[in-house]
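Pasting input_7.txt here (compact mmCIF, C-alpha atoms and all ligand atoms):
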```txt
# COMPACT_ATOMS: atom_id res chain seq x y z
CA MET G 1 92.19 105.43 47.28
CA ASP G 2 88.85 104.95 45.56
CA ARG G 3 90.06 104.24 42.02
CA VAL G 4 88.18 101.53 40.13
CA TYR G 5 89.47 99.32 37.30
CA ASN G 6 88.66 101.32 34.20
CA PHE G 7 88.16 99.14 31.11
CA SER G 8 87.19 102.10 28.92
CA PRO G 9 88.30 101.99 25.26
CA GLY G 10 89.47 105.60 25.48
CA PRO G 11 90.14 107.93 27.11
CA ALA G 12 91.52 105.07 29.09
CA VAL G 13 93.49 104.01 32.14
CA LEU G 14 96.89 105.64 32.68
CA PRO G 15 99.74 104.30 34.83
CA LEU G 16 99.24 105.35 38.44
CA SER G 17 102.85 106.55 38.72
CA VAL G 18 102.26 108.86 35.75
CA LEU G 19 99.15 110.33 37.36
CA LYS G 20 101.05 110.83 40.61
CA GLN G 21 103.88 112.61 38.82
CA ALA G 22 101.39 114.86 37.02
CA GLN G 23 99.70 115.53 40.36
CA ALA G 24 103.01 116.42 41.99
CA ASP G 25 103.85 118.83 39.15
CA LEU G 26 100.37 120.26 38.73
CA LEU G 27 100.67 123.38 40.87
CA SER G 28 104.27 124.14 40.11
CA LEU G 29 106.93 122.52 37.97
CA PRO G 30 110.08 122.15 40.09
CA GLY G 31 112.50 125.02 39.55
CA ILE G 32 110.03 126.83 37.30
CA GLY G 33 107.09 127.71 39.57
CA ILE G 34 104.44 127.43 36.84
CA SER G 35 101.87 124.67 36.31
CA PRO G 36 102.13 122.48 33.18
CA LEU G 37 98.57 123.73 32.55
CA GLU G 38 99.79 127.32 32.46
CA ILE G 39 103.21 127.20 30.86
CA SER G 40 104.00 128.61 27.42
CA HIS G 41 104.57 126.25 24.54
CA ARG G 42 107.52 128.53 23.70
CA SER G 43 109.22 127.74 27.01
CA ASP G 44 112.47 125.80 27.17
CA TRP G 45 110.61 123.36 29.41
CA PHE G 46 108.11 122.50 26.70
CA GLU G 47 110.74 122.22 23.99
CA GLY G 48 112.39 119.77 26.37
CA VAL G 49 109.12 117.83 26.71
CA LEU G 50 108.83 117.35 22.95
CA ALA G 51 112.54 116.55 22.60
CA GLU G 52 112.45 113.95 25.36
CA THR G 53 109.23 112.37 24.08
CA THR G 54 110.66 112.06 20.59
CA SER G 55 113.91 110.65 21.92
CA ASN G 56 112.02 108.14 24.11
CA LEU G 57 109.87 107.09 21.16
CA ARG G 58 112.99 106.68 19.02
CA LYS G 59 114.45 104.37 21.67
CA LEU G 60 111.26 102.42 22.27
CA LEU G 61 110.60 101.84 18.58
CA GLN G 62 114.23 101.77 17.41
CA LEU G 63 113.04 104.35 14.94
CA PRO G 64 115.36 104.89 11.98
CA ASP G 65 116.67 108.47 11.49
CA ASN G 66 114.75 109.02 8.27
CA TYR G 67 111.43 109.27 10.12
CA SER G 68 109.92 112.38 11.71
CA VAL G 69 107.70 112.41 14.78
CA LEU G 70 104.90 114.99 14.59
CA TYR G 71 102.55 116.11 17.38
CA MET G 72 99.17 117.08 16.05
CA GLN G 73 95.58 117.77 17.10
CA GLY G 74 92.21 116.84 15.65
CA GLY G 75 92.40 113.21 16.80
CA ALA G 76 92.96 110.15 14.68
CA ARG G 77 89.95 111.11 12.61
CA LEU G 78 91.62 114.22 11.25
CA GLN G 79 94.34 111.90 9.97
CA PHE G 80 91.68 110.05 7.98
CA SER G 81 91.51 113.28 5.91
CA MET G 82 95.08 114.55 6.17
CA ILE G 83 96.59 111.31 4.89
CA PRO G 84 94.82 111.44 1.51
CA MET G 85 95.21 115.24 1.34
CA ASN G 86 98.98 114.96 1.76
CA LEU G 87 99.77 111.62 0.16
CA LEU G 88 97.12 111.15 -2.53
CA ARG G 89 96.10 114.60 -3.78
CA GLY G 90 97.82 115.49 -6.99
CA THR G 91 99.40 112.08 -7.53
CA GLY G 92 96.66 110.95 -9.92
CA GLY G 93 97.02 107.58 -8.21
CA THR G 94 94.92 105.24 -6.11
CA ALA G 95 95.03 104.67 -2.37
CA ASP G 96 94.25 101.15 -1.19
CA TYR G 97 92.26 100.55 2.00
CA ILE G 98 92.19 97.30 3.94
CA VAL G 99 88.96 97.62 5.89
CA THR G 100 88.74 95.34 8.91
CA GLY G 101 86.37 97.29 11.15
CA THR G 102 84.47 100.47 11.89
CA TRP G 103 87.49 102.80 11.97
CA GLY G 104 88.99 101.55 8.74
CA ALA G 105 85.60 102.07 7.05
CA LYS G 106 85.55 105.68 8.25
CA ALA G 107 89.09 106.25 7.00
CA LEU G 108 88.09 104.91 3.59
CA GLU G 109 85.10 107.25 3.45
CA GLU G 110 87.29 110.32 3.92
CA ALA G 111 89.84 109.14 1.35
CA GLY G 112 87.02 108.78 -1.17
CA ARG G 113 86.24 112.48 -0.72
CA GLU G 114 89.81 113.34 -1.67
CA GLY G 115 90.62 111.04 -4.57
CA GLN G 116 90.60 107.51 -5.87
CA ALA G 117 90.20 105.11 -2.93
CA HIS G 118 90.16 101.40 -3.64
CA VAL G 119 88.91 98.75 -1.23
CA ALA G 120 91.66 96.14 -1.12
CA TYR G 121 89.70 94.08 1.41
CA ASN G 122 86.43 94.58 3.22
CA GLY G 123 85.58 92.42 6.22
CA LYS G 124 82.05 93.77 6.61
CA SER G 125 80.39 90.62 5.28
CA HIS G 126 82.07 88.71 8.14
CA ASN G 127 80.86 91.32 10.58
CA TYR G 128 84.50 92.41 10.92
CA SER G 129 85.31 89.34 12.96
CA ARG G 130 88.44 88.36 11.04
CA LEU G 131 91.38 89.69 9.05
CA PRO G 132 92.32 88.97 5.44
CA GLN G 133 94.58 86.15 4.31
CA PRO G 134 97.36 87.49 2.06
CA SER G 135 95.59 85.95 -0.97
CA GLU G 136 92.43 87.96 -0.22
CA LEU G 137 94.12 91.35 -0.63
CA GLN G 138 93.30 93.01 -3.93
CA LEU G 139 96.05 95.57 -4.15
CA SER G 140 96.29 98.18 -6.92
CA PRO G 141 99.53 98.18 -8.87
CA GLY G 142 101.55 101.28 -7.97
CA ALA G 143 99.18 102.39 -5.20
CA ALA G 144 99.92 105.81 -3.64
CA TYR G 145 99.77 104.01 -0.28
CA VAL G 146 97.99 101.15 1.48
CA HIS G 147 96.06 101.98 4.65
CA PHE G 148 95.17 99.49 7.38
CA THR G 149 94.06 99.61 11.01
CA SER G 150 96.39 97.52 13.16
CA ASN G 151 93.78 97.08 15.88
CA GLU G 152 90.07 97.68 15.38
CA THR G 153 89.03 99.00 18.76
CA ILE G 154 85.30 98.30 18.43
CA GLN G 155 85.49 94.77 17.03
CA GLY G 156 88.68 93.69 18.86
CA VAL G 157 90.57 92.33 15.85
CA GLN G 158 94.32 92.95 15.65
CA PHE G 159 96.89 92.24 12.96
CA GLN G 160 99.66 90.03 14.33
CA GLN G 161 101.98 91.29 11.64
CA GLU G 162 101.89 93.89 8.92
CA PRO G 163 100.07 93.01 5.70
CA GLU G 164 102.46 92.46 2.79
CA VAL G 165 101.86 95.27 0.33
CA GLY G 166 104.92 95.28 -1.92
CA ASP G 167 106.51 98.66 -2.60
CA ALA G 168 103.54 100.88 -1.75
CA PRO G 169 104.02 102.93 1.45
CA LEU G 170 102.22 101.24 4.32
CA VAL G 171 100.03 103.63 6.31
CA CYS G 172 98.66 102.46 9.64
CA ASP G 173 96.06 103.66 12.10
CA ALA G 174 97.58 102.31 15.31
CA SER G 175 95.36 104.38 17.60
CA SER G 176 94.42 101.55 19.90
CA ASP G 177 97.56 99.44 19.97
CA PHE G 178 100.49 101.78 19.45
CA LEU G 179 103.41 100.95 21.78
CA CYS G 180 101.77 97.68 22.90
CA ARG G 181 104.60 95.73 21.21
CA PRO G 182 107.78 96.29 19.17
CA LEU G 183 107.19 97.25 15.53
CA PRO G 184 109.40 96.81 12.45
CA MET G 185 109.23 100.54 11.79
CA SER G 186 111.07 100.44 8.47
CA LYS G 187 108.05 98.64 7.00
CA TYR G 188 105.93 101.75 7.58
CA GLY G 189 105.53 104.86 5.49
CA LEU G 190 103.33 106.54 8.08
CA ILE G 191 101.86 105.40 11.38
CA TYR G 192 99.52 107.45 13.54
CA ALA G 193 97.78 107.15 16.86
CA CYS G 194 95.57 109.35 18.95
CA ALA G 195 96.91 109.48 22.50
CA GLN G 196 93.85 108.67 24.56
CA LYS G 197 94.24 104.88 24.59
CA ASN G 198 97.80 103.74 25.07
CA LEU G 199 99.74 107.00 25.14
CA GLY G 200 98.15 109.61 27.38
CA PRO G 201 95.14 111.89 27.62
CA ALA G 202 93.02 113.05 24.67
CA GLY G 203 94.26 116.07 22.75
CA VAL G 204 97.41 115.01 20.97
CA THR G 205 97.84 112.65 18.01
CA LEU G 206 101.21 111.23 17.06
CA VAL G 207 102.17 110.90 13.43
CA ILE G 208 105.41 109.17 12.49
CA ILE G 209 106.22 109.66 8.84
CA ARG G 210 109.07 108.58 6.59
CA ASN G 211 110.75 111.76 5.42
CA ASP G 212 110.55 111.11 1.68
CA LEU G 213 106.74 111.08 1.95
CA LEU G 214 106.81 114.67 3.25
CA GLU G 215 107.78 115.67 -0.26
CA ARG G 216 104.33 114.70 -1.52
CA THR G 217 102.54 117.44 0.44
CA PRO G 218 100.80 119.60 -2.20
CA ALA G 219 101.93 123.24 -2.24
CA ASP G 220 98.39 124.61 -2.21
CA LEU G 221 97.17 122.73 0.86
CA HIS G 222 96.10 124.85 3.87
CA SER G 223 98.98 125.30 6.29
CA MET G 224 97.63 123.44 9.29
CA LEU G 225 96.65 120.49 7.11
CA ARG G 226 100.18 120.08 5.75
CA TYR G 227 102.53 117.57 7.38
CA THR G 228 105.43 119.83 6.39
CA GLU G 229 104.01 122.63 8.54
CA TYR G 230 104.61 120.36 11.54
CA SER G 231 107.91 118.79 10.42
CA GLU G 232 109.48 122.16 9.55
CA ASN G 233 108.38 123.86 12.78
CA ASN G 234 109.10 121.13 15.32
CA SER G 235 105.28 120.79 15.75
CA LEU G 236 105.26 124.36 17.08
CA ALA G 237 103.65 126.23 14.20
CA ASN G 238 100.76 126.87 16.54
CA THR G 239 100.03 125.97 20.17
CA PRO G 240 100.18 122.22 20.77
CA PRO G 241 98.17 120.65 23.62
CA VAL G 242 100.93 121.26 26.16
CA PHE G 243 99.53 119.24 29.05
CA ALA G 244 98.63 116.22 26.90
CA CYS G 245 102.15 116.18 25.39
CA TYR G 246 103.66 116.36 28.88
CA VAL G 247 101.66 113.31 30.01
CA VAL G 248 102.66 111.41 26.84
CA MET G 249 106.29 112.13 27.79
CA LEU G 250 105.66 110.65 31.25
CA VAL G 251 104.07 107.56 29.66
CA THR G 252 107.08 107.04 27.36
CA ARG G 253 109.34 107.30 30.43
CA TRP G 254 107.17 104.73 32.20
CA LEU G 255 107.48 102.37 29.21
CA LEU G 256 111.27 102.66 29.23
CA GLU G 257 111.41 102.10 32.99
CA HIS G 258 109.26 98.99 32.62
CA GLY G 259 111.43 97.19 30.10
CA GLY G 260 110.27 98.75 26.84
CA LEU G 261 108.00 97.28 24.22
CA THR G 262 109.20 93.67 24.34
CA LYS G 263 108.27 93.50 27.99
CA MET G 264 105.02 95.32 27.32
CA GLU G 265 104.07 92.78 24.66
CA GLU G 266 104.76 89.90 27.06
CA ARG G 267 102.58 91.50 29.73
CA ASN G 268 99.83 92.29 27.24
CA ARG G 269 99.78 88.75 25.88
CA ALA G 270 99.60 87.29 29.37
CA LYS G 271 96.76 89.63 30.38
CA ALA G 272 94.73 88.95 27.24
CA ALA G 273 95.25 85.18 27.55
CA LEU G 274 93.59 85.23 30.98
CA LEU G 275 90.36 86.52 29.46
CA TYR G 276 90.46 84.55 26.21
CA GLN G 277 90.90 81.33 28.21
CA VAL G 278 87.54 82.06 29.83
CA LEU G 279 85.92 82.64 26.42
CA ASP G 280 87.34 79.32 25.21
CA GLU G 281 86.29 77.36 28.29
CA TYR G 282 82.80 78.85 28.44
CA GLU G 283 82.16 79.24 24.73
CA ASP G 284 78.46 78.43 25.01
CA PHE G 285 78.11 81.32 27.47
CA TYR G 286 80.71 83.91 26.42
CA GLN G 287 80.83 84.16 22.63
CA GLY G 288 83.98 85.91 21.45
CA HIS G 289 83.48 88.32 18.55
CA ALA G 290 86.91 87.93 16.93
CA ASP G 291 88.15 84.78 15.22
CA PRO G 292 90.74 83.26 17.58
CA ALA G 293 93.59 83.91 15.12
CA CYS G 294 92.74 87.64 15.01
CA ARG G 295 92.09 88.34 18.66
CA SER G 296 93.24 91.67 20.02
CA THR G 297 95.47 91.93 23.07
CA MET G 298 93.98 95.38 23.68
CA ASN G 299 90.19 95.09 23.30
CA VAL G 300 88.55 91.80 24.27
CA THR G 301 85.04 91.62 22.77
CA PHE G 302 82.34 89.06 23.51
CA ARG G 303 78.61 88.59 23.82
CA LEU G 304 76.46 86.87 26.42
CA PRO G 305 73.41 84.74 25.60
CA SER G 306 70.91 87.61 26.08
CA ASP G 307 70.69 91.39 26.42
CA GLU G 308 69.33 90.90 29.89
CA LEU G 309 72.41 88.92 30.96
CA THR G 310 74.66 91.52 29.33
CA LYS G 311 73.02 94.30 31.34
CA ARG G 312 73.33 92.26 34.52
CA PHE G 313 76.99 91.53 33.77
CA VAL G 314 77.79 95.23 33.30
CA LYS G 315 75.89 96.22 36.43
CA GLU G 316 77.29 93.54 38.72
CA ALA G 317 80.84 94.04 37.43
CA ALA G 318 80.53 97.78 38.09
CA ALA G 319 79.42 97.06 41.65
CA GLN G 320 82.75 95.21 42.08
CA GLY G 321 84.76 98.13 40.76
CA LEU G 322 85.10 96.77 37.20
CA ARG G 323 83.85 99.64 35.07
CA GLU G 324 83.22 100.69 31.47
CA LEU G 325 82.70 97.16 30.18
CA LYS G 326 79.75 97.80 27.91
CA GLY G 327 80.51 96.98 24.27
CA HIS G 328 80.22 99.60 21.54
CA ARG G 329 76.60 100.16 20.51
CA SER G 330 77.32 98.86 16.98
CA VAL G 331 78.57 95.46 18.22
CA GLY G 332 76.80 95.08 21.56
CA GLY G 333 77.91 92.71 24.29
CA ILE G 334 80.99 93.39 26.36
CA ARG G 335 84.32 94.99 25.55
CA ALA G 336 87.17 94.90 28.03
CA SER G 337 89.92 97.31 26.99
CA ILE G 338 93.14 96.23 28.61
CA TYR G 339 95.75 98.66 27.34
CA ASN G 340 99.36 98.82 28.55
CA ALA G 341 98.42 100.64 31.74
CA MET G 342 95.72 98.18 32.85
CA PRO G 343 97.36 96.34 35.74
CA LEU G 344 97.40 92.54 35.80
CA ASP G 345 95.31 92.70 39.01
CA GLY G 346 92.46 94.34 37.12
CA VAL G 347 92.42 91.61 34.48
CA GLU G 348 92.62 88.88 37.13
CA LYS G 349 89.72 90.43 38.96
CA LEU G 350 87.67 90.59 35.77
CA ARG G 351 88.51 86.96 35.00
CA GLU G 352 87.31 85.87 38.45
CA PHE G 353 84.15 87.88 38.00
CA MET G 354 83.51 86.26 34.60
CA LEU G 355 83.94 82.77 36.05
CA GLU G 356 81.60 83.48 38.96
CA PHE G 357 79.03 85.18 36.75
CA ALA G 358 78.95 82.25 34.32
CA ALA G 359 78.61 79.74 37.16
CA VAL G 360 75.70 81.60 38.76
CA ALA G 361 73.92 82.65 35.56
CA LYS G 362 74.08 79.20 34.00
CA VAL G 363 72.14 77.45 36.76
N1 LIG O 401 90.94 104.92 14.95
C1 LIG O 401 90.81 104.01 15.92
C2 LIG O 401 91.37 102.64 15.72
C3 LIG O 401 90.15 104.36 17.11
O1 LIG O 401 89.98 103.46 18.07
C4 LIG O 401 89.65 105.68 17.27
C5 LIG O 401 88.99 106.15 18.53
N2 LIG O 401 88.22 105.26 19.20
C6 LIG O 401 89.80 106.58 16.22
C7 LIG O 401 90.45 106.17 15.08
C8 LIG O 401 89.28 107.97 16.31
O2 LIG O 401 90.09 108.69 17.18
P1 LIG O 401 89.77 110.20 17.58
O3 LIG O 401 88.59 110.15 18.49
O4 LIG O 401 91.03 110.65 18.26
O5 LIG O 401 89.50 110.94 16.31
```
Show me this structure written as structure tokens.
Amino acid sequence: MDRVYNFSPGPAVLPLSVLKQAQADLLSLPGIGISPLEISHRSDWFEGVLAETTSNLRKLLQLPDNYSVLYMQGGARLQFSMIPMNLLRGTGGTADYIVTGTWGAKALEEAGREGQAHVAYNGKSHNYSRLPQPSELQLSPGAAYVHFTSNETIQGVQFQQEPEVGDAPLVCDASSDFLCRPLPMSKYGLIYACAQKNLGPAGVTLVIIRNDLLERTPADLHSMLRYTEYSENNSLANTPPVFACYVVMLVTRWLLEHGGLTKMEERNRAKAALLYQVLDEYEDFYQGHADPACRSTMNVTFRLPSDELTKRFVKEAAAQGLRELKGHRSVGGIRASIYNAMPLDGVEKLREFMLEFAAVAKV
């Protein structure tokens, strides 16, 4: 098979067994005779897909009963708008934003269009290379909610635990690290993630919301922008992305079969450590972007001494089947995205390549 190691930040690598299952089902679902690309979202089969995915997520996350799982479209970026529309509009209150990278800054911008958005922390002056200490958070008393980004995909900084925000509902963009580790779900008011990194293909976005927050949805909000439209209709008020939801179900099955989120966290930590060890050993050659205490287990970001070496690195790595390593244009350098489905082999191969490249380029 001619598959390469795909270090893309998203859409990203999926487990091979999931792809094989999707391939096996593609022409005809067993006992149904219709492709998952063709089947009605009103079919019993699809209702079963959503029910199983929700049940798998409940098991994986030990999700308390007072949370709803919603399947939405429009990507994580639509949530940047829907969150303030549903949770801030009409409250007369303030929403706090902890901005630790590019995505958090974009979320803040949308909230400012909707109401009072307060910057509780902004890491821009540190080039988004680190996360706030608890004493650096300037939280508003009685905030409508506090938003943070658990893993900034572009900069590669990841919260190791939730920021302490008192009684305000904690709202989290977990797009690039959802299901990479267990989460204390009862700390969250709302958590959302687009699928195309750790969950499945692009097209579906998961929103998990504590039920009391659904009561904030303003009555005059357009139907498809209301969380209640999804919670009251089992996410079937209109046509969901059927195929993407089906693949997310397969990924949740894969996670359960592979020991759940505790096991996933162990694997992810071990994979990331292999690359960070190289950054530490060769720090005059590979300069990590993130402060060591804030390093992401999902997106490993670093720079080389020159643009020319960076280009050579990307090109020579690609020739060895290590692809999509170019950093985001706003940060430069290299970004290796090593989500749940990136096999250990791929990370080991990248590590070997980094060691060889440093040895040759340094002479
Ligand atoms: N938030 C984070 C943390 C992301 O990494 C991304 C996508 N790279 C987004 C939001 C935007 O997601 P989407 O493209 O699904 O709108």
Subject >> Test item: residues no farther than 10 Å from ligand LIG 401 (chain O), counting all atoms listed in the file, as JSON, numbers by chain >> reply: {"G": [9, 10, 11, 73, 74, 75, 76, 77, 78, 79, 80, 101, 102, 103, 104, 105, 106, 107, 148, 149, 150, 151, 152, 153, 154, 155, 156, 172, 173, 174, 175, 176, 177, 178, 192, 193, 194, 195, 196, 197, 202, 203, 204, 205, 299]}
Residues of segment 244-328 of chain G within 6 Å of segment 179-188 of chain G: nearest atom pair and distance (Å, one decimal) for each, counting all atoms listed in the file, sorted by chain and number, as a Markdown table?
```
| residue | atom | partner | partner_atom | distance |
| --- | --- | --- | --- | --- |
| G:Leu261 | CA | G:Arg181 | CA | 4.8 |
| G:Thr262 | CA | G:Arg181 | CA | 5.9 |
| G:Met264 | CA | G:Cys180 | CA | 6.0 |
| G:Glu265 | CA | G:Arg181 | CA | 4.6 |
```
Take the selection from the previous step and output its residues with C-alpha atoms, as a PDB file, in the frame of the given file.
```
ATOM      1  CA  LEU G 261     108.000  97.280  24.220  1.00  0.00           C
ATOM      2  CA  THR G 262     109.200  93.670  24.340  1.00  0.00           C
ATOM      3  CA  MET G 264     105.020  95.320  27.320  1.00  0.00           C
ATOM      4  CA  GLU G 265     104.070  92.780  24.660  1.00  0.00           C
TER       5      GLU G 265
END
```
**OP:** Quick one: pull the distance between atom CA of Leu131 of chain G and atom CA of Thr297 of chain G, Å, one decimal.
**Re:** 14.8 Å
Subject >> Contact residues around Ser306 of chain G with all atoms listed in the file at 12 Å, ignoring same-chain residues under 3 positions, as an MDAnalysis selection string >> reply: chainID G and resid 284:287 302:303 309:313 332:334 361:362
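The space between atom CA of Leu19 of chain G and atom CA of Lys271 of chain G spans 22.0 Å.
Separating atom CA of Val18 of chain G from atom CA of Asn268 of chain G is a distance of 18.8 Å.
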Original post:
Neighbours of Ala111 of chain G within 8 Å (all atoms listed in the file; same-chain residues fewer than 4 positions away dropped), as a ChimeraX atom specification?
Top reply: /G:80-81,83-84,95,107,115-117
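By chain and then residue number, the residues within 12 Å of Leu16 of chain G are Met1, Arg3, Val4, Tyr5, Ala22, Gln23, Gly200, Val247, Leu250, Val251, Trp254, Asn340, Ala341, Met342 and Pro343 of chain G, counting only C-alpha atoms and disregarding those fewer than 6 positions away in sequence.
When only C-alpha atoms are used to compute distances to Arg210 of chain G, the closest of the residues G:Val146, G:Val314, G:Leu225, G:Leu170 turns out to be G:Leu170.
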**OP:** Please provide as a VMD selection string all residues within 12 Å of Val69 of chain G, with the sequence filter that same-chain residues fewer than 2 positions apart are discarded (counting only C-alpha atoms).
**Re:** chain G and resid 50 to 58 61 63 to 67 71 to 72 190 to 193 205 to 211 214 227 to 228 230 to 235
Subject >> Nearby residues (all atoms listed in the file) at most 10 Å from Arg130 of chain G, same-chain spacing under 3 positions excluded, as an MDAnalysis selection string >> reply: chainID G and resid 100:101 123:124 126:127 133 155:159 289:295
Subject >> Using only C-alpha atoms: which of G:His222, G:Ser140, G:Lys59, G:Phe243 has the shortest distance to Ser35 of chain G >> reply: G:Phe243
Pull all heavy atoms for segment 266-274 of chain G from the block and write them as a PDB file, in the first residue's frame.
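As a result, decode_39.pdb now contains:
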```pdb
ATOM      1  N   GLU G 266      -1.702   8.013  27.277  1.00  0.00           N
ATOM      2  CA  GLU G 266      -0.371   7.392  27.454  1.00  0.00           C
ATOM      3  C   GLU G 266       0.373   7.334  26.130  1.00  0.00           C
ATOM      4  O   GLU G 266       1.534   7.687  26.026  1.00  0.00           O
ATOM      5  CB  GLU G 266      -0.574   5.936  27.885  1.00  0.00           C
ATOM      6  CG  GLU G 266      -0.203   5.603  29.283  1.00  0.00           C
ATOM      7  CD  GLU G 266      -0.664   4.175  29.589  1.00  0.00           C
ATOM      8  OE1 GLU G 266      -0.274   3.239  28.860  1.00  0.00           O
ATOM      9  OE2 GLU G 266      -1.444   4.027  30.545  1.00  0.00           O
ATOM     10  N   ARG G 267      -0.331   6.853  25.106  1.00  0.00           N
ATOM     11  CA  ARG G 267       0.288   6.736  23.769  1.00  0.00           C
ATOM     12  C   ARG G 267       0.695   8.105  23.247  1.00  0.00           C
ATOM     13  O   ARG G 267       1.767   8.280  22.675  1.00  0.00           O
ATOM     14  CB  ARG G 267      -0.710   6.138  22.778  1.00  0.00           C
ATOM     15  CG  ARG G 267      -0.896   4.651  22.847  1.00  0.00           C
ATOM     16  CD  ARG G 267      -1.974   4.220  21.864  1.00  0.00           C
ATOM     17  NE  ARG G 267      -1.919   5.039  20.648  1.00  0.00           N
ATOM     18  CZ  ARG G 267      -2.082   4.585  19.419  1.00  0.00           C
ATOM     19  NH1 ARG G 267      -2.330   3.319  19.216  1.00  0.00           N
ATOM     20  NH2 ARG G 267      -2.029   5.391  18.378  1.00  0.00           N
ATOM     21  N   ASN G 268      -0.204   9.078  23.431  1.00  0.00           N
ATOM     22  CA  ASN G 268       0.080  10.419  22.906  1.00  0.00           C
ATOM     23  C   ASN G 268       1.282  11.045  23.616  1.00  0.00           C
ATOM     24  O   ASN G 268       2.115  11.694  22.981  1.00  0.00           O
ATOM     25  CB  ASN G 268      -1.149  11.317  23.039  1.00  0.00           C
ATOM     26  CG  ASN G 268      -2.232  10.937  22.045  1.00  0.00           C
ATOM     27  OD1 ASN G 268      -1.929  10.474  20.936  1.00  0.00           O
ATOM     28  ND2 ASN G 268      -3.485  11.101  22.417  1.00  0.00           N
ATOM     29  N   ARG G 269       1.365  10.834  24.912  1.00  0.00           N
ATOM     30  CA  ARG G 269       2.504  11.396  25.657  1.00  0.00           C
ATOM     31  C   ARG G 269       3.809  10.747  25.189  1.00  0.00           C
ATOM     32  O   ARG G 269       4.825  11.412  25.010  1.00  0.00           O
ATOM     33  CB  ARG G 269       2.334  11.182  27.161  1.00  0.00           C
ATOM     34  CG  ARG G 269       1.275  12.054  27.743  1.00  0.00           C
ATOM     35  CD  ARG G 269       1.419  12.298  29.244  1.00  0.00           C
ATOM     36  NE  ARG G 269       0.329  13.153  29.671  1.00  0.00           N
ATOM     37  CZ  ARG G 269       0.253  14.453  29.444  1.00  0.00           C
ATOM     38  NH1 ARG G 269       1.232  15.093  28.840  1.00  0.00           N
ATOM     39  NH2 ARG G 269      -0.804  15.148  29.833  1.00  0.00           N
ATOM     40  N   ALA G 270       3.766   9.441  24.996  1.00  0.00           N
ATOM     41  CA  ALA G 270       4.979   8.742  24.570  1.00  0.00           C
ATOM     42  C   ALA G 270       5.399   9.205  23.171  1.00  0.00           C
ATOM     43  O   ALA G 270       6.594   9.437  22.916  1.00  0.00           O
ATOM     44  CB  ALA G 270       4.733   7.233  24.581  1.00  0.00           C
ATOM     45  N   LYS G 271       4.440   9.361  22.280  1.00  0.00           N
ATOM     46  CA  LYS G 271       4.774   9.805  20.911  1.00  0.00           C
ATOM     47  C   LYS G 271       5.377  11.212  20.939  1.00  0.00           C
ATOM     48  O   LYS G 271       6.416  11.472  20.328  1.00  0.00           O
ATOM     49  CB  LYS G 271       3.509   9.817  20.033  1.00  0.00           C
ATOM     50  CG  LYS G 271       3.024   8.447  19.621  1.00  0.00           C
ATOM     51  CD  LYS G 271       1.909   8.530  18.569  1.00  0.00           C
ATOM     52  CE  LYS G 271       0.676   9.197  19.064  1.00  0.00           C
ATOM     53  NZ  LYS G 271      -0.427   9.289  18.106  1.00  0.00           N
ATOM     54  N   ALA G 272       4.719  12.118  21.663  1.00  0.00           N
ATOM     55  CA  ALA G 272       5.194  13.507  21.691  1.00  0.00           C
ATOM     56  C   ALA G 272       6.592  13.574  22.310  1.00  0.00           C
ATOM     57  O   ALA G 272       7.463  14.318  21.835  1.00  0.00           O
ATOM     58  CB  ALA G 272       4.209  14.384  22.457  1.00  0.00           C
ATOM     59  N   ALA G 273       6.819  12.774  23.369  1.00  0.00           N
ATOM     60  CA  ALA G 273       8.122  12.821  24.057  1.00  0.00           C
ATOM     61  C   ALA G 273       9.256  12.473  23.096  1.00  0.00           C
ATOM     62  O   ALA G 273      10.351  13.047  23.182  1.00  0.00           O
ATOM     63  CB  ALA G 273       8.117  11.875  25.255  1.00  0.00           C
ATOM     64  N   LEU G 274       8.999  11.567  22.161  1.00  0.00           N
ATOM     65  CA  LEU G 274      10.048  11.185  21.205  1.00  0.00           C
ATOM     66  C   LEU G 274      10.531  12.400  20.407  1.00  0.00           C
ATOM     67  O   LEU G 274      11.721  12.529  20.115  1.00  0.00           O
ATOM     68  CB  LEU G 274       9.508  10.143  20.216  1.00  0.00           C
ATOM     69  CG  LEU G 274       9.307   8.727  20.742  1.00  0.00           C
ATOM     70  CD1 LEU G 274       8.685   7.857  19.660  1.00  0.00           C
ATOM     71  CD2 LEU G 274      10.644   8.142  21.196  1.00  0.00           C
TER      72      LEU G 274
END
```
